[in-house]
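Undergrad: Handing you a structure now.
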Amino acid sequence: MAKDVIIACDFGSGEETLAFLDRFPDQKPFVKIGMELFYAEGPRIVRRIKERGHRIFLDLKLHDIPNTVKKAMRSLSALDVDIVNLHAAGTRAMMEAALEGLCRPDGTRPLLIAVTQLTSTDQQALERELLIEQPMDRVVMAYARNAAAAGLDGVVCSPLEAGKVHESCGESFLTVTPGIRFAGGDAGDQKRITTPGRARELGADYIVVGRPVTQAADPAEAYQRCRKEFLG
Ligand code: C5P
């Protein structure tokens, strides 16, 4: 799959999301739909955005017993989305079951990527609450390798980790990377940020960009700028 920019549509309603997408009259950006919007609007919003011709990354981060995840993935696959995800912490058995559930009767399936460790989890929480006494980067790489061994297509990670993930899991293993800001832009709550151009140099396959586009005075212009910097 070619590299691209994915816009994180972090809106609370379908109405707001569709009004935002109306601001791209000449483009059909790849969009990310997260829990906030999906839980507010349900599968209907996914179908509506799909009908408009957008590719969709449905970011619901599944984590449950293998059989439940397999069946949930079957439902998501029927929505005709392009990328879905889960937590690698659910184990290899859960990831393999997820892949099985995703396969459509015609043999196609959405791409499946894994969250390794959430960026909101720090080393202290890892050790004191999750009882994992390894450095974070080793944990992230081990989870990425588990995802690759289960047959997944890639991981969500920081652009700063993209090179290491490719080294460890192969060049074709996808790195989907949030934490993107334009040079001099407002970081907001993101800590480790990278520009679209730097993300390209670091080897990211997809960048996920939210506020730098959604909050821009001219979102279509900001999106174009982002693509230009990232895709060269
Ligand atoms: O607005 P901003 O560009 O920071 O949005 C980034 C998007 O990527 C948000 O939807 C956020 O939830 C998501 N994300 C993230 N960091 C992760 C995983 C997902 O920022 N590790």
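Residues are referred to by chain and number: the chain letter is A, B, ... according to the order shown in the structure tokens, the number counts from 1 in that chain, and ligands are numbered separately from 1 in the order shown.
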Considering only C-alpha atoms and all ligand atoms, tabulate each residue of chain A that lies at most 7 Å from ligand 1 along with its nearest interatomic pair and the corresponding distance in Å to one decimal; arrange the rows by chain and ascending residue number and present them as a Markdown table.

TA:
```
| residue | atom | partner | partner_atom_place_in_ligand_line | distance |
| --- | --- | --- | --- | --- |
| A:Ala8 | CA | ligand 1 | 10 (O) | 5.0 |
| A:Asp10 | CA | ligand 1 | 10 (O) | 5.9 |
| A:Gly34 | CA | ligand 1 | 10 (O) | 6.6 |
| A:Leu118 | CA | ligand 1 | 21 (N) | 5.2 |
| A:Thr119 | CA | ligand 1 | 21 (N) | 4.6 |
| A:Val156 | CA | ligand 1 | 18 (C) | 6.6 |
| A:Cys157 | CA | ligand 1 | 21 (N) | 6.2 |
| A:Ser158 | CA | ligand 1 | 21 (N) | 6.9 |
| A:Pro178 | CA | ligand 1 | 8 (O) | 4.7 |
| A:Gly179 | CA | ligand 1 | 20 (O) | 5.4 |
| A:Ile180 | CA | ligand 1 | 3 (O) | 5.7 |
| A:Arg181 | CA | ligand 1 | 3 (O) | 7.0 |
| A:Gln190 | CA | ligand 1 | 4 (O) | 5.9 |
| A:Val208 | CA | ligand 1 | 8 (O) | 5.7 |
| A:Val209 | CA | ligand 1 | 3 (O) | 4.2 |
| A:Gly210 | CA | ligand 1 | 3 (O) | 3.4 |
| A:Arg211 | CA | ligand 1 | 1 (O) | 3.7 |
| A:Pro212 | CA | ligand 1 | 3 (O) | 6.1 |
```

Undergrad: Keeping only all heavy atoms, write those residues as a compact mmCIF listing (two decimals), in the first residue's frame.

TA:
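Wrote it out as out_12.txt, contents follow:
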```
# COMPACT_ATOMS: atom_id res chain seq x y z
N ALA A 8 -7.05 12.36 11.39
CA ALA A 8 -7.78 11.87 12.57
C ALA A 8 -9.03 12.73 12.75
O ALA A 8 -8.94 13.89 13.15
CB ALA A 8 -6.89 11.94 13.80
N ASP A 10 -11.32 13.48 14.91
CA ASP A 10 -11.70 13.40 16.33
C ASP A 10 -12.82 14.38 16.61
O ASP A 10 -12.62 15.40 17.29
CB ASP A 10 -10.47 13.66 17.20
CG ASP A 10 -9.43 12.55 17.07
OD1 ASP A 10 -9.84 11.38 16.93
OD2 ASP A 10 -8.22 12.84 17.10
N GLY A 34 -12.26 7.24 15.33
CA GLY A 34 -11.92 6.65 16.62
C GLY A 34 -13.14 6.31 17.45
O GLY A 34 -14.28 6.40 16.99
N LEU A 118 0.60 1.95 24.64
CA LEU A 118 0.05 3.29 24.45
C LEU A 118 1.11 4.32 24.83
O LEU A 118 1.86 4.12 25.78
CB LEU A 118 -1.18 3.48 25.34
CG LEU A 118 -2.41 2.66 24.97
CD1 LEU A 118 -3.46 2.77 26.07
CD2 LEU A 118 -2.98 3.12 23.64
N THR A 119 1.11 5.44 24.11
CA THR A 119 2.11 6.47 24.43
C THR A 119 1.78 7.15 25.76
O THR A 119 2.59 7.87 26.31
CB THR A 119 2.22 7.51 23.30
OG1 THR A 119 0.91 7.81 22.84
CG2 THR A 119 3.04 6.99 22.16
N VAL A 156 1.00 0.67 15.13
CA VAL A 156 0.93 2.11 15.39
C VAL A 156 2.14 2.42 16.26
O VAL A 156 2.36 1.74 17.26
CB VAL A 156 -0.34 2.48 16.19
CG1 VAL A 156 -0.42 3.99 16.37
CG2 VAL A 156 -1.59 1.96 15.50
N CYS A 157 2.94 3.38 15.88
CA CYS A 157 4.11 3.72 16.70
C CYS A 157 4.50 5.17 16.47
O CYS A 157 3.92 5.86 15.64
CB CYS A 157 5.28 2.79 16.39
SG CYS A 157 5.91 2.93 14.71
N SER A 158 5.49 5.62 17.23
CA SER A 158 6.03 6.96 17.02
C SER A 158 6.89 6.93 15.75
O SER A 158 7.55 5.92 15.48
CB SER A 158 6.88 7.36 18.22
OG SER A 158 7.81 8.34 17.85
N PRO A 178 1.26 8.60 14.63
CA PRO A 178 0.70 9.89 15.06
C PRO A 178 1.83 10.77 15.65
O PRO A 178 3.01 10.43 15.52
CB PRO A 178 -0.30 9.52 16.14
CG PRO A 178 -0.04 8.11 16.50
CD PRO A 178 1.04 7.56 15.63
N GLY A 179 1.45 11.89 16.27
CA GLY A 179 2.45 12.78 16.87
C GLY A 179 3.11 13.66 15.82
O GLY A 179 4.30 13.92 15.88
N ILE A 180 2.33 14.13 14.86
CA ILE A 180 2.86 14.94 13.75
C ILE A 180 2.46 16.41 13.94
O ILE A 180 1.30 16.72 14.22
CB ILE A 180 2.30 14.43 12.40
CG1 ILE A 180 2.58 12.92 12.22
CG2 ILE A 180 2.83 15.26 11.24
CD1 ILE A 180 4.04 12.55 12.08
N ARG A 181 3.43 17.28 13.78
CA ARG A 181 3.16 18.73 13.84
C ARG A 181 3.97 19.44 12.77
O ARG A 181 5.09 19.01 12.46
CB ARG A 181 3.55 19.30 15.21
CG ARG A 181 2.68 18.84 16.36
CD ARG A 181 1.26 19.35 16.24
NE ARG A 181 0.40 18.91 17.33
CZ ARG A 181 -0.36 17.81 17.31
NH1 ARG A 181 -0.36 17.03 16.24
NH2 ARG A 181 -1.14 17.51 18.32
N GLN A 190 0.67 16.42 22.82
CA GLN A 190 1.64 15.45 22.30
C GLN A 190 3.03 15.80 22.83
O GLN A 190 3.39 16.97 22.94
CB GLN A 190 1.65 15.46 20.76
CG GLN A 190 0.34 14.98 20.13
CD GLN A 190 0.18 13.46 20.16
OE1 GLN A 190 0.90 12.76 20.87
NE2 GLN A 190 -0.77 12.96 19.38
N VAL A 208 -0.58 9.91 10.88
CA VAL A 208 -1.93 10.25 11.35
C VAL A 208 -1.87 11.68 11.89
O VAL A 208 -1.13 11.96 12.83
CB VAL A 208 -2.38 9.30 12.48
CG1 VAL A 208 -3.73 9.73 13.03
CG2 VAL A 208 -2.44 7.87 11.96
N VAL A 209 -2.62 12.56 11.26
CA VAL A 209 -2.58 13.98 11.63
C VAL A 209 -3.97 14.43 12.03
O VAL A 209 -4.93 14.27 11.25
CB VAL A 209 -2.08 14.84 10.44
CG1 VAL A 209 -1.85 16.27 10.91
CG2 VAL A 209 -0.82 14.26 9.85
N GLY A 210 -4.09 14.95 13.25
CA GLY A 210 -5.38 15.44 13.72
C GLY A 210 -5.45 16.94 13.70
O GLY A 210 -5.65 17.57 12.67
N ARG A 211 -5.21 17.54 14.87
CA ARG A 211 -5.41 18.98 15.04
C ARG A 211 -4.70 19.90 14.05
O ARG A 211 -5.28 20.92 13.67
CB ARG A 211 -5.10 19.36 16.50
CG ARG A 211 -6.19 18.86 17.45
CD ARG A 211 -5.73 18.79 18.87
NE ARG A 211 -4.78 17.70 19.07
CZ ARG A 211 -4.26 17.39 20.25
NH1 ARG A 211 -4.58 18.08 21.32
NH2 ARG A 211 -3.44 16.37 20.36
N PRO A 212 -3.47 19.58 13.60
CA PRO A 212 -2.85 20.49 12.62
C PRO A 212 -3.70 20.66 11.36
O PRO A 212 -3.60 21.68 10.67
CB PRO A 212 -1.52 19.81 12.29
CG PRO A 212 -1.19 19.01 13.52
CD PRO A 212 -2.53 18.52 14.02
```

Undergrad: Taking the DSSP secondary structure from the backbone, can you list the residues of segment 123-217 of chain A that are strand (DSSP E), as a list in words?

TA: Gly154, Val155, Val156, Leu174, Thr175, Val176, Thr177, Tyr206, Ile207, Val208 and Val209 of chain A

Undergrad: Could you state the separation of atom CA of Ile6 of chain A and atom CA of Ile207 of chain A in Å, given to one decimal place?

TA: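 Here the two named atoms are 6.0 Å from each other.
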
Undergrad: I want to know what sits within 10 Å of Ala199 of chain A, based on only C-alpha atoms, with residues of the same chain fewer than 5 positions away left out; could you give that as number ranges by chain?

TA: A: 158-160, 162, 177-180, 193-194, 204-207, 229-231

Undergrad: Could you take the residues named above and write them with N, CA, C and O atoms, as a short mmCIF file (atom, residue, chain, number, x, y, z; two decimals), in the first residue's frame?

TA:
```cif
data_model
loop_
_atom_site.label_atom_id
_atom_site.label_comp_id
_atom_site.auth_asym_id
_atom_site.auth_seq_id
_atom_site.Cartn_x
_atom_site.Cartn_y
_atom_site.Cartn_z
N SER A 158 5.49 5.62 17.23
CA SER A 158 6.03 6.96 17.02
C SER A 158 6.89 6.93 15.75
O SER A 158 7.55 5.92 15.48
N PRO A 159 6.90 8.03 14.97
CA PRO A 159 7.79 8.06 13.81
C PRO A 159 9.24 7.79 14.22
O PRO A 159 10.01 7.22 13.46
N LEU A 160 9.56 8.15 15.47
CA LEU A 160 10.93 7.95 15.96
C LEU A 160 11.27 6.47 16.09
O LEU A 160 12.43 6.10 16.15
N ALA A 162 9.93 4.18 13.89
CA ALA A 162 9.60 3.53 12.61
C ALA A 162 10.79 2.76 12.04
O ALA A 162 10.64 1.62 11.57
N THR A 177 1.95 6.31 12.09
CA THR A 177 2.55 7.14 13.14
C THR A 177 1.81 8.45 13.42
O THR A 177 1.76 9.33 12.57
N PRO A 178 1.26 8.60 14.63
CA PRO A 178 0.70 9.89 15.06
C PRO A 178 1.83 10.77 15.65
O PRO A 178 3.01 10.43 15.52
N GLY A 179 1.45 11.89 16.27
CA GLY A 179 2.45 12.78 16.87
C GLY A 179 3.11 13.66 15.82
O GLY A 179 4.30 13.92 15.88
N ILE A 180 2.33 14.13 14.86
CA ILE A 180 2.86 14.94 13.75
C ILE A 180 2.46 16.41 13.94
O ILE A 180 1.30 16.72 14.22
N ILE A 193 7.09 14.87 19.21
CA ILE A 193 6.48 15.22 17.93
C ILE A 193 7.51 15.31 16.81
O ILE A 193 8.70 15.49 17.06
N THR A 194 7.02 15.17 15.58
CA THR A 194 7.85 15.14 14.40
C THR A 194 7.12 15.86 13.27
O THR A 194 5.89 15.80 13.21
N ALA A 204 8.38 6.41 8.08
CA ALA A 204 6.97 6.13 8.41
C ALA A 204 6.19 5.84 7.12
O ALA A 204 6.44 6.45 6.08
N ASP A 205 5.24 4.91 7.21
CA ASP A 205 4.44 4.57 6.02
C ASP A 205 3.18 5.43 5.94
O ASP A 205 2.80 5.88 4.86
N TYR A 206 2.51 5.60 7.08
CA TYR A 206 1.33 6.47 7.14
C TYR A 206 1.53 7.42 8.30
O TYR A 206 1.95 6.99 9.38
N ILE A 207 1.21 8.70 8.10
CA ILE A 207 1.19 9.59 9.26
C ILE A 207 -0.27 9.91 9.58
O ILE A 207 -1.10 10.08 8.68
N GLU A 229 4.79 17.71 2.14
CA GLU A 229 5.98 17.51 2.98
C GLU A 229 6.27 16.02 3.19
O GLU A 229 7.41 15.60 3.20
N PHE A 230 5.20 15.23 3.35
CA PHE A 230 5.39 13.81 3.67
C PHE A 230 5.72 12.97 2.43
O PHE A 230 6.56 12.09 2.47
N LEU A 231 5.01 13.27 1.34
CA LEU A 231 5.17 12.42 0.15
C LEU A 231 6.26 12.96 -0.79
O LEU A 231 6.68 12.27 -1.70
#
```

Undergrad: Just the residues within 12 Å of Gly101 of chain A, please, counting only C-alpha atoms, with nothing from its chain fewer than 5 positions along; format it as a PyMOL selection string.

TA: chain A and resi 66-78+84+94-96+107-110+112

Undergrad: For a quick check of understanding, using only C-alpha atoms, which of A:Arg44, A:Ala222, A:Ile113, A:Arg138 has the smallest distance to Pro196 of chain A?

TA: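 That would be A:Ala222, the residue with the smallest distance to Pro196 of chain A.
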
Undergrad: If I take atom CA of Arg192 of chain A and atom CA of Met141 of chain A, how far is one from the other in Å, to one decimal?

TA: 17.7 Å

Undergrad: Show me, as a VMD selection string, the residues that have an atom within 9 Å of Glu133 of chain A when counting only C-alpha atoms, minus same-chain residues fewer than 6 positions from it.

TA: chain A and resid 123 126 to 127

Undergrad: Please provide as number ranges by chain all residues within 7 Å of Asn85 of chain A, with the sequence filter that same-chain residues fewer than 2 positions apart are discarded (counting only C-alpha atoms).

TA: A: 59-62, 83, 112-114

Undergrad: Go ahead and dump the residues you just picked, all heavy atoms, as a CSV table (one decimal), in the first residue's frame.

TA:
```csv
chain,number,residue,atom,x,y,z
A,59,ASP,N,-10.2,3.0,14.2
A,59,ASP,CA,-9.3,2.9,15.3
A,59,ASP,C,-10.0,2.6,16.6
A,59,ASP,O,-10.3,3.5,17.4
A,59,ASP,CB,-8.6,4.3,15.4
A,59,ASP,CG,-7.6,4.4,16.6
A,59,ASP,OD1,-7.2,3.3,17.1
A,59,ASP,OD2,-7.2,5.5,17.0
A,60,LEU,N,-10.4,1.3,16.8
A,60,LEU,CA,-11.2,0.9,18.0
A,60,LEU,C,-10.4,0.1,19.0
A,60,LEU,O,-10.9,-0.3,20.0
A,60,LEU,CB,-12.4,0.1,17.5
A,60,LEU,CG,-13.4,0.9,16.6
A,60,LEU,CD1,-14.6,0.0,16.2
A,60,LEU,CD2,-13.9,2.2,17.3
A,61,LYS,N,-9.1,-0.3,18.6
A,61,LYS,CA,-8.2,-0.9,19.5
A,61,LYS,C,-8.8,-2.1,20.3
A,61,LYS,O,-8.9,-2.1,21.5
A,61,LYS,CB,-7.6,0.1,20.5
A,61,LYS,CG,-6.9,1.3,19.9
A,61,LYS,CD,-6.2,2.2,20.9
A,61,LYS,CE,-5.5,3.3,20.4
A,61,LYS,NZ,-6.3,4.4,19.8
A,62,LEU,N,-9.2,-3.1,19.6
A,62,LEU,CA,-9.8,-4.3,20.3
A,62,LEU,C,-8.9,-5.0,21.2
A,62,LEU,O,-7.7,-5.1,20.9
A,62,LEU,CB,-10.4,-5.2,19.2
A,62,LEU,CG,-11.8,-4.9,18.7
A,62,LEU,CD1,-11.8,-3.6,17.9
A,62,LEU,CD2,-12.4,-6.0,17.9
A,83,ILE,N,-8.4,-0.1,7.2
A,83,ILE,CA,-7.5,-0.5,8.3
A,83,ILE,C,-8.2,-0.6,9.6
A,83,ILE,O,-9.1,0.2,9.9
A,83,ILE,CB,-6.3,0.5,8.5
A,83,ILE,CG1,-5.6,0.8,7.2
A,83,ILE,CG2,-5.3,0.0,9.6
A,83,ILE,CD1,-4.4,1.8,7.3
A,112,LEU,N,-4.6,-5.1,9.2
A,112,LEU,CA,-4.7,-5.2,10.6
A,112,LEU,C,-3.4,-4.7,11.3
A,112,LEU,O,-2.4,-5.3,10.9
A,112,LEU,CB,-5.1,-6.6,11.0
A,112,LEU,CG,-5.2,-6.8,12.5
A,112,LEU,CD1,-6.3,-6.0,13.2
A,112,LEU,CD2,-5.5,-8.3,12.8
A,113,ILE,N,-3.5,-3.7,12.1
A,113,ILE,CA,-2.3,-3.2,12.8
A,113,ILE,C,-2.5,-3.3,14.3
A,113,ILE,O,-3.6,-3.3,14.8
A,113,ILE,CB,-1.9,-1.8,12.3
A,113,ILE,CG1,-3.0,-0.8,12.6
A,113,ILE,CG2,-1.6,-1.8,10.8
A,113,ILE,CD1,-2.6,0.6,12.2
A,114,ALA,N,-1.4,-3.3,15.0
A,114,ALA,CA,-1.4,-3.4,16.5
A,114,ALA,C,-0.9,-2.2,17.2
A,114,ALA,O,0.1,-1.6,16.7
A,114,ALA,CB,-0.6,-4.7,16.9
```

Undergrad: Which of segment 29-197 of chain A counts as helix (DSSP H, G or I) under DSSP, as an MDAnalysis selection string please?

TA: chainID A and resid 35:41 43:51 66:77 88:90 92:102 123:128 136:149 159:169 196:197

Undergrad: Check the smallest atom-to-atom distance from each of A:Leu18, A:Ser168, A:Pro135, A:Leu152 to Glu51 of chain A using only C-alpha atoms, then report the winner.

TA: A:Leu18

Undergrad: Could you name the residues that touch Arg92 of chain A at 9 Å or less, counting only C-alpha atoms, but leaving out those on the same chain fewer than 2 positions away, as a list of chain:residue names?

TA: A:Ala88, A:Ala89, A:Gly90, A:Met94, A:Met95, A:Glu96, A:Ala97, A:Asn146, A:Ala147, A:Ala149, A:Ala150

Undergrad: Rank A:Asp4, A:His54, A:Gln124, A:Asp80 by their smallest atom-to-atom distance to Asp22 of chain A, using only C-alpha atoms, and report the top residue only.

TA: A:His54
